[in-house]
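Asker: Let me give you the structure first, and then I'll get to my questions.
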Amino acid sequence: MRFAILNIVFLLLTFAYNAKAQTKVLIVTEDLPPLQIVKNGQLHDGLAYNQVKRIVESANLTAKWMVAPWSRAYQMAVTEPNVLLFSVVRTPHREDKFIWIGQLYLMEIALVSLKSKQINVSTLEQAKSLLVGAKRNDVVFDFLEQDGFRADNNIVVVRDTTDTFKMLFKGRVDLVPASKMVIEAYCKNSNCSLQDFTFNIPLPNMVQDFYLVASKGTDPKVIQALRHAYQLTLVEDNKKALQP
C-alpha cells in the first residue's frame with residue numbers, strides 16, 4: 001500500500017512541474033571527499049555530488065559546474081544571482097544568506113590531531129594554545145572565531161580540506177576539523193589511516209546538516225524546479241528502500 005502511494009506521489013510531482021527553467025545556473029562547490037570528489041579539476045564523484053546531479057537533471061536545468069576554493073565558492077553564492085552551492089552547513093547565521101533547497105547529508109565534526117604528536121586536549125580553551133587549520137567562510141572557522149580564536153593568532157587559514165590535512169602532516173597546524181568519513185576518504189589516496197588520528201574535541205553543535213542552496217536573486221522558476229526535483233529524489237529513494 002505504501003509503495004502504491006509513493007508511486008502516485010511520484011507521478012504527481014513529475015507532472016507538477018514540467019516546464020524547463022530557461023535561466024542558466026552556475027553550480028559551484030569545493031573538493032571535499034567523500035561528499036564531492038574532484039579529479040583533474042573536474043567533479044568526478046561523491047555522495048553529495050551524485051545527489052545534486054540527480055536533482056539538477058530532474059529539474060531539467062541548463063547548468064555549468066565549477067570547482068573553487070570554499071571561500072571563493074561561498075562568496076560567489078552570497079553575492080551573485082543564479083548560483084547553486086553545495087555542501088553548505090545550515091546555521092542561524094547563514095539562514096538569511098541563501099535560499100535553502102534541501103538537505104544532502106549529515107556529519108559529526110571534531111577537532112583531530114595526529115596520534116604521533118601525543119596532543120591531548122579536551123576543551124576549546126585548551127585548544128587556544130595550539131594552531132587550528134580552518135577554511136575561511138567555513139562553519140567551523142565561524143564557530144571558532146565566535147569562541148575567541150583568531151586568524152592572526154591560533155587559526156591558520158587554509159584553502160581547502162585537503163590542505164588542512166597536508167598542513168597537519170607537515171606540522172604547521174596541530175588540530176584540524178574533520179569527521180571519520182572525511183579522514184577515511186582522504187586516506188584512500190594518502191599514506192595514512194583512521195588509526196593515525198586522535199579525536200580530541202567533539203565540536204558543540206557541530207552535527208553538520210549539509211545542504212544544497214541557491215543564491216538570493218535566483219530565478220524563481222529555477223527555485224521551483226529544484227524544489228520539485230528534490231522532492232522527486234526523496235520519493236525515488238523511499239521507493240528503492242521499500243523494494244525487496
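In the C-alpha cells, chains take the letters A, B, ... in the order shown, each chain's residues start at 1, and ligands count up from 1 in the order shown.
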Hey, what's within 7 Å of segment 72-76 of chain A if we count only C-alpha atoms and toss same-chain stuff fewer than 5 positions away? As a VMD selection string, please?
Answerer: chain A and resid 28 to 29 137
Asker: Got time to write the residues from that selection, C-alpha atoms, as a short mmCIF file (atom, residue, chain, number, x, y, z; two decimals), in the first residue's frame?
Answerer:
```cif
data_model
loop_
_atom_site.label_atom_id
_atom_site.label_comp_id
_atom_site.auth_asym_id
_atom_site.auth_seq_id
_atom_site.Cartn_x
_atom_site.Cartn_y
_atom_site.Cartn_z
CA VAL A 28 29.87 25.69 -7.60
CA THR A 29 31.45 23.53 -4.93
CA ASN A 137 33.79 31.22 5.47
#
```
Asker: Need the shell around Gln126 of chain A: protein/DNA/RNA residues with any atom at most 12 Å away, counting only C-alpha atoms. Skip same-chain ones fewer than 2 positions apart. Format as a VMD selection string?
Answerer: chain A and resid 111 119 to 124 128 to 132 148 to 149 154 175 200 to 201
Asker: How would the residues just picked look written out with N, CA and C atoms as a PDB file, in the first residue's frame?
Answerer:
```pdb
ATOM      1  N   LEU A 111      37.606  18.256  16.443  1.00  0.00           N
ATOM      2  CA  LEU A 111      38.975  18.710  16.215  1.00  0.00           C
ATOM      3  C   LEU A 111      39.897  17.520  16.435  1.00  0.00           C
ATOM      4  N   ILE A 119      49.018  14.859  21.297  1.00  0.00           N
ATOM      5  CA  ILE A 119      48.255  16.020  21.768  1.00  0.00           C
ATOM      6  C   ILE A 119      47.012  15.512  22.490  1.00  0.00           C
ATOM      7  N   ASN A 120      46.771  16.043  23.662  1.00  0.00           N
ATOM      8  CA  ASN A 120      45.624  15.610  24.455  1.00  0.00           C
ATOM      9  C   ASN A 120      44.924  16.833  25.041  1.00  0.00           C
ATOM     10  N   VAL A 121      43.940  17.343  24.312  1.00  0.00           N
ATOM     11  CA  VAL A 121      43.146  18.471  24.809  1.00  0.00           C
ATOM     12  C   VAL A 121      41.680  18.051  24.803  1.00  0.00           C
ATOM     13  N   SER A 122      40.949  18.542  25.787  1.00  0.00           N
ATOM     14  CA  SER A 122      39.547  18.140  25.915  1.00  0.00           C
ATOM     15  C   SER A 122      38.585  19.312  25.900  1.00  0.00           C
ATOM     16  N   THR A 123      39.121  20.544  25.879  1.00  0.00           N
ATOM     17  CA  THR A 123      38.267  21.727  25.847  1.00  0.00           C
ATOM     18  C   THR A 123      38.768  22.703  24.788  1.00  0.00           C
ATOM     19  N   LEU A 124      37.879  23.561  24.315  1.00  0.00           N
ATOM     20  CA  LEU A 124      38.273  24.583  23.351  1.00  0.00           C
ATOM     21  C   LEU A 124      39.244  25.576  23.978  1.00  0.00           C
ATOM     22  N   LYS A 128      43.114  26.658  22.439  1.00  0.00           N
ATOM     23  CA  LYS A 128      43.525  28.002  22.044  1.00  0.00           C
ATOM     24  C   LYS A 128      45.036  28.197  22.104  1.00  0.00           C
ATOM     25  N   SER A 129      45.727  27.310  22.797  1.00  0.00           N
ATOM     26  CA  SER A 129      47.189  27.404  22.858  1.00  0.00           C
ATOM     27  C   SER A 129      47.851  26.684  21.683  1.00  0.00           C
ATOM     28  N   LEU A 130      47.028  26.097  20.807  1.00  0.00           N
ATOM     29  CA  LEU A 130      47.529  25.352  19.655  1.00  0.00           C
ATOM     30  C   LEU A 130      47.101  26.033  18.354  1.00  0.00           C
ATOM     31  N   LEU A 131      47.594  25.541  17.237  1.00  0.00           N
ATOM     32  CA  LEU A 131      47.221  26.076  15.934  1.00  0.00           C
ATOM     33  C   LEU A 131      46.190  25.161  15.287  1.00  0.00           C
ATOM     34  N   VAL A 132      45.077  25.774  14.830  1.00  0.00           N
ATOM     35  CA  VAL A 132      43.988  25.025  14.205  1.00  0.00           C
ATOM     36  C   VAL A 132      43.898  25.438  12.738  1.00  0.00           C
ATOM     37  N   GLY A 148      36.443  32.914  20.346  1.00  0.00           N
ATOM     38  CA  GLY A 148      37.631  33.641  20.754  1.00  0.00           C
ATOM     39  C   GLY A 148      38.907  33.286  20.004  1.00  0.00           C
ATOM     40  N   PHE A 149      38.857  32.340  19.090  1.00  0.00           N
ATOM     41  CA  PHE A 149      40.016  32.045  18.243  1.00  0.00           C
ATOM     42  C   PHE A 149      40.185  33.172  17.218  1.00  0.00           C
ATOM     43  N   ASN A 154      45.667  31.871  16.535  1.00  0.00           N
ATOM     44  CA  ASN A 154      45.627  30.417  16.656  1.00  0.00           C
ATOM     45  C   ASN A 154      44.796  29.709  15.576  1.00  0.00           C
ATOM     46  N   LEU A 175      45.780  20.961  15.055  1.00  0.00           N
ATOM     47  CA  LEU A 175      44.431  20.412  15.038  1.00  0.00           C
ATOM     48  C   LEU A 175      43.725  20.792  13.746  1.00  0.00           C
ATOM     49  N   ASN A 200      40.066  14.706  19.488  1.00  0.00           N
ATOM     50  CA  ASN A 200      40.239  15.412  20.752  1.00  0.00           C
ATOM     51  C   ASN A 200      38.951  16.028  21.281  1.00  0.00           C
ATOM     52  N   ILE A 201      38.322  16.869  20.464  1.00  0.00           N
ATOM     53  CA  ILE A 201      37.186  17.651  20.956  1.00  0.00           C
ATOM     54  C   ILE A 201      36.023  17.559  19.975  1.00  0.00           C
TER      55      ILE A 201
END
```
Asker: At a cut-off of 10 Å, can you tabulate as a Markdown table every residue of segment 101-172 of chain A near segment 181-187 of chain A together with its closest atom pair and the distance in Å to one decimal, using only C-alpha atoms and ordering rows by chain then number?
Answerer:
```
| residue | atom | partner | partner_atom | distance |
| --- | --- | --- | --- | --- |
| A:Met107 | CA | A:Met181 | CA | 8.1 |
| A:Glu108 | CA | A:Met181 | CA | 9.1 |
| A:Ile109 | CA | A:Val182 | CA | 9.4 |
| A:Val112 | CA | A:Ile183 | CA | 9.8 |
| A:Thr161 | CA | A:Val182 | CA | 8.9 |
| A:Thr162 | CA | A:Tyr186 | CA | 7.3 |
| A:Phe165 | CA | A:Tyr186 | CA | 8.2 |
```
Asker: Dump C-alpha atoms for the selected residues as a CSV table (one decimal), in the first residue's frame?
Answerer:
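Contents of out05.csv, freshly written:
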```csv
chain,number,residue,atom,x,y,z
A,107,MET,CA,28.1,14.5,9.5
A,108,GLU,CA,29.6,14.9,13.0
A,109,ILE,CA,32.8,17.1,13.3
A,112,VAL,CA,41.5,16.0,15.5
A,161,THR,CA,40.0,20.5,3.3
A,162,THR,CA,42.8,18.6,1.6
A,165,PHE,CA,45.4,17.5,6.3
```
Asker: Just the residues within 10 Å of segment 104-106 of chain A, please, counting only C-alpha atoms, with nothing from its chain fewer than 4 positions along; format it as a list in words.
Answerer: Leu35, Leu47, Ala48, Tyr49, Gln51, Val52, Phe86, Ser87, Val88, Val89, Val207, Gln208, Asp209, Phe210, Tyr211, Leu212 and Tyr230 of chain A
Asker: What does the distance from atom CA of Phe143 of chain A to atom CA of Trp70 of chain A come to in Å, to one decimal?
Answerer: 16.1 Å
Asker: From the options A:Leu43, A:Val38, A:Ile101, A:Leu32, which residue's atoms come nearest to Ala229 of chain A, counting only C-alpha atoms?
Answerer: A:Ile101
Asker: Contacts of Thr23 of chain A at 8 Å or less, counting only C-alpha atoms, minus same-chain residues fewer than 6 places along, as a PyMOL selection string?
Answerer: chain A and resi 61-62+82+219+222
Asker: Can you tell me, as a VMD selection string, what residues are no more than 10 Å from Val140 of chain A when counting only C-alpha atoms, ignoring any on the same chain fewer than 2 positions away?
Answerer: chain A and resid 89 109 to 111 133 to 138 142 to 146 176 to 178 203 206 208
Asker: Kindly save the residues from that selection, with C-alpha atoms included, as a JSON list (two decimals), in the first residue's frame.
Answerer:
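Output file again05.json follows:
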```json
[["chain", "number", "residue", "atom", "x", "y", "z"],
["A", 89, "VAL", "CA", 26.08, 23.61, 6.61],
["A", 109, "ILE", "CA", 32.75, 17.07, 13.28],
["A", 110, "ALA", "CA", 35.56, 17.10, 15.84],
["A", 111, "LEU", "CA", 38.98, 18.71, 16.21],
["A", 133, "GLY", "CA", 43.69, 24.76, 10.42],
["A", 134, "ALA", "CA", 40.36, 26.01, 9.06],
["A", 135, "LYS", "CA", 38.85, 27.36, 5.84],
["A", 136, "ARG", "CA", 37.61, 30.96, 5.79],
["A", 137, "ASN", "CA", 33.79, 31.22, 5.47],
["A", 138, "ASP", "CA", 33.57, 27.65, 6.74],
["A", 142, "ASP", "CA", 32.98, 31.00, 12.17],
["A", 143, "PHE", "CA", 32.36, 28.87, 15.26],
["A", 144, "LEU", "CA", 35.99, 29.16, 16.42],
["A", 145, "GLU", "CA", 36.03, 32.94, 15.90],
["A", 146, "GLN", "CA", 32.88, 33.27, 17.98],
["A", 176, "VAL", "CA", 42.02, 20.23, 12.11],
["A", 177, "PRO", "CA", 38.22, 19.88, 11.95],
["A", 178, "ALA", "CA", 37.23, 16.53, 10.49],
["A", 203, "LEU", "CA", 32.66, 20.41, 18.48],
["A", 206, "MET", "CA", 28.76, 20.57, 15.04],
["A", 208, "GLN", "CA", 26.53, 19.30, 10.37]]
```
Asker: Would you please give, as a ChimeraX atom specification, all residues of segment 28-65 of chain A that DSSP assigns to alpha helix (DSSP H) based on the backbone?
Answerer: /A:47-59
Asker: With N, CA and C atoms retained, write the just-selected residues as a PDB file, in the first residue's frame.
Answerer:
```
ATOM      1  N   LEU A  47      29.174  11.545  -2.653  1.00  0.00           N
ATOM      2  CA  LEU A  47      27.820  11.309  -2.147  1.00  0.00           C
ATOM      3  C   LEU A  47      26.905  12.497  -2.426  1.00  0.00           C
ATOM      4  N   ALA A  48      27.374  13.688  -2.095  1.00  0.00           N
ATOM      5  CA  ALA A  48      26.553  14.881  -2.309  1.00  0.00           C
ATOM      6  C   ALA A  48      26.493  15.249  -3.786  1.00  0.00           C
ATOM      7  N   TYR A  49      27.630  15.143  -4.481  1.00  0.00           N
ATOM      8  CA  TYR A  49      27.656  15.482  -5.904  1.00  0.00           C
ATOM      9  C   TYR A  49      26.657  14.636  -6.697  1.00  0.00           C
ATOM     10  N   ASN A  50      26.640  13.345  -6.448  1.00  0.00           N
ATOM     11  CA  ASN A  50      25.723  12.473  -7.179  1.00  0.00           C
ATOM     12  C   ASN A  50      24.265  12.830  -6.902  1.00  0.00           C
ATOM     13  N   GLN A  51      23.987  13.225  -5.669  1.00  0.00           N
ATOM     14  CA  GLN A  51      22.616  13.611  -5.332  1.00  0.00           C
ATOM     15  C   GLN A  51      22.232  14.925  -6.012  1.00  0.00           C
ATOM     16  N   VAL A  52      23.142  15.901  -5.983  1.00  0.00           N
ATOM     17  CA  VAL A  52      22.862  17.185  -6.629  1.00  0.00           C
ATOM     18  C   VAL A  52      22.719  16.997  -8.138  1.00  0.00           C
ATOM     19  N   LYS A  53      23.553  16.151  -8.714  1.00  0.00           N
ATOM     20  CA  LYS A  53      23.468  15.881 -10.156  1.00  0.00           C
ATOM     21  C   LYS A  53      22.097  15.320 -10.517  1.00  0.00           C
ATOM     22  N   ARG A  54      21.576  14.412  -9.707  1.00  0.00           N
ATOM     23  CA  ARG A  54      20.235  13.863  -9.939  1.00  0.00           C
ATOM     24  C   ARG A  54      19.174  14.956  -9.874  1.00  0.00           C
ATOM     25  N   ILE A  55      19.299  15.838  -8.878  1.00  0.00           N
ATOM     26  CA  ILE A  55      18.325  16.913  -8.696  1.00  0.00           C
ATOM     27  C   ILE A  55      18.340  17.860  -9.887  1.00  0.00           C
ATOM     28  N   VAL A  56      19.533  18.265 -10.317  1.00  0.00           N
ATOM     29  CA  VAL A  56      19.668  19.209 -11.431  1.00  0.00           C
ATOM     30  C   VAL A  56      19.144  18.595 -12.727  1.00  0.00           C
ATOM     31  N   GLU A  57      19.452  17.327 -12.953  1.00  0.00           N
ATOM     32  CA  GLU A  57      18.964  16.654 -14.161  1.00  0.00           C
ATOM     33  C   GLU A  57      17.447  16.517 -14.125  1.00  0.00           C
ATOM     34  N   SER A  58      16.899  16.187 -12.955  1.00  0.00           N
ATOM     35  CA  SER A  58      15.445  16.057 -12.815  1.00  0.00           C
ATOM     36  C   SER A  58      14.755  17.407 -13.006  1.00  0.00           C
ATOM     37  N   ALA A  59      15.421  18.489 -12.575  1.00  0.00           N
ATOM     38  CA  ALA A  59      14.864  19.836 -12.734  1.00  0.00           C
ATOM     39  C   ALA A  59      15.000  20.339 -14.166  1.00  0.00           C
TER      40      ALA A  59
END
```
Asker: Could you check the closest approach to Ser215 of chain A for each of A:Arg150, A:Lys97, A:Lys115, A:His228 and tell me which residue wins, using only C-alpha atoms?
Answerer: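 That would be A:Lys97, the residue with the smallest distance to Ser215 of chain A.
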Asker: May I ask which of the residues A:Thr91, A:Gln231, A:Asn60, A:Asn153 is the closest one to Val173 of chain A, counting only C-alpha atoms?
Answerer: A:Asn153
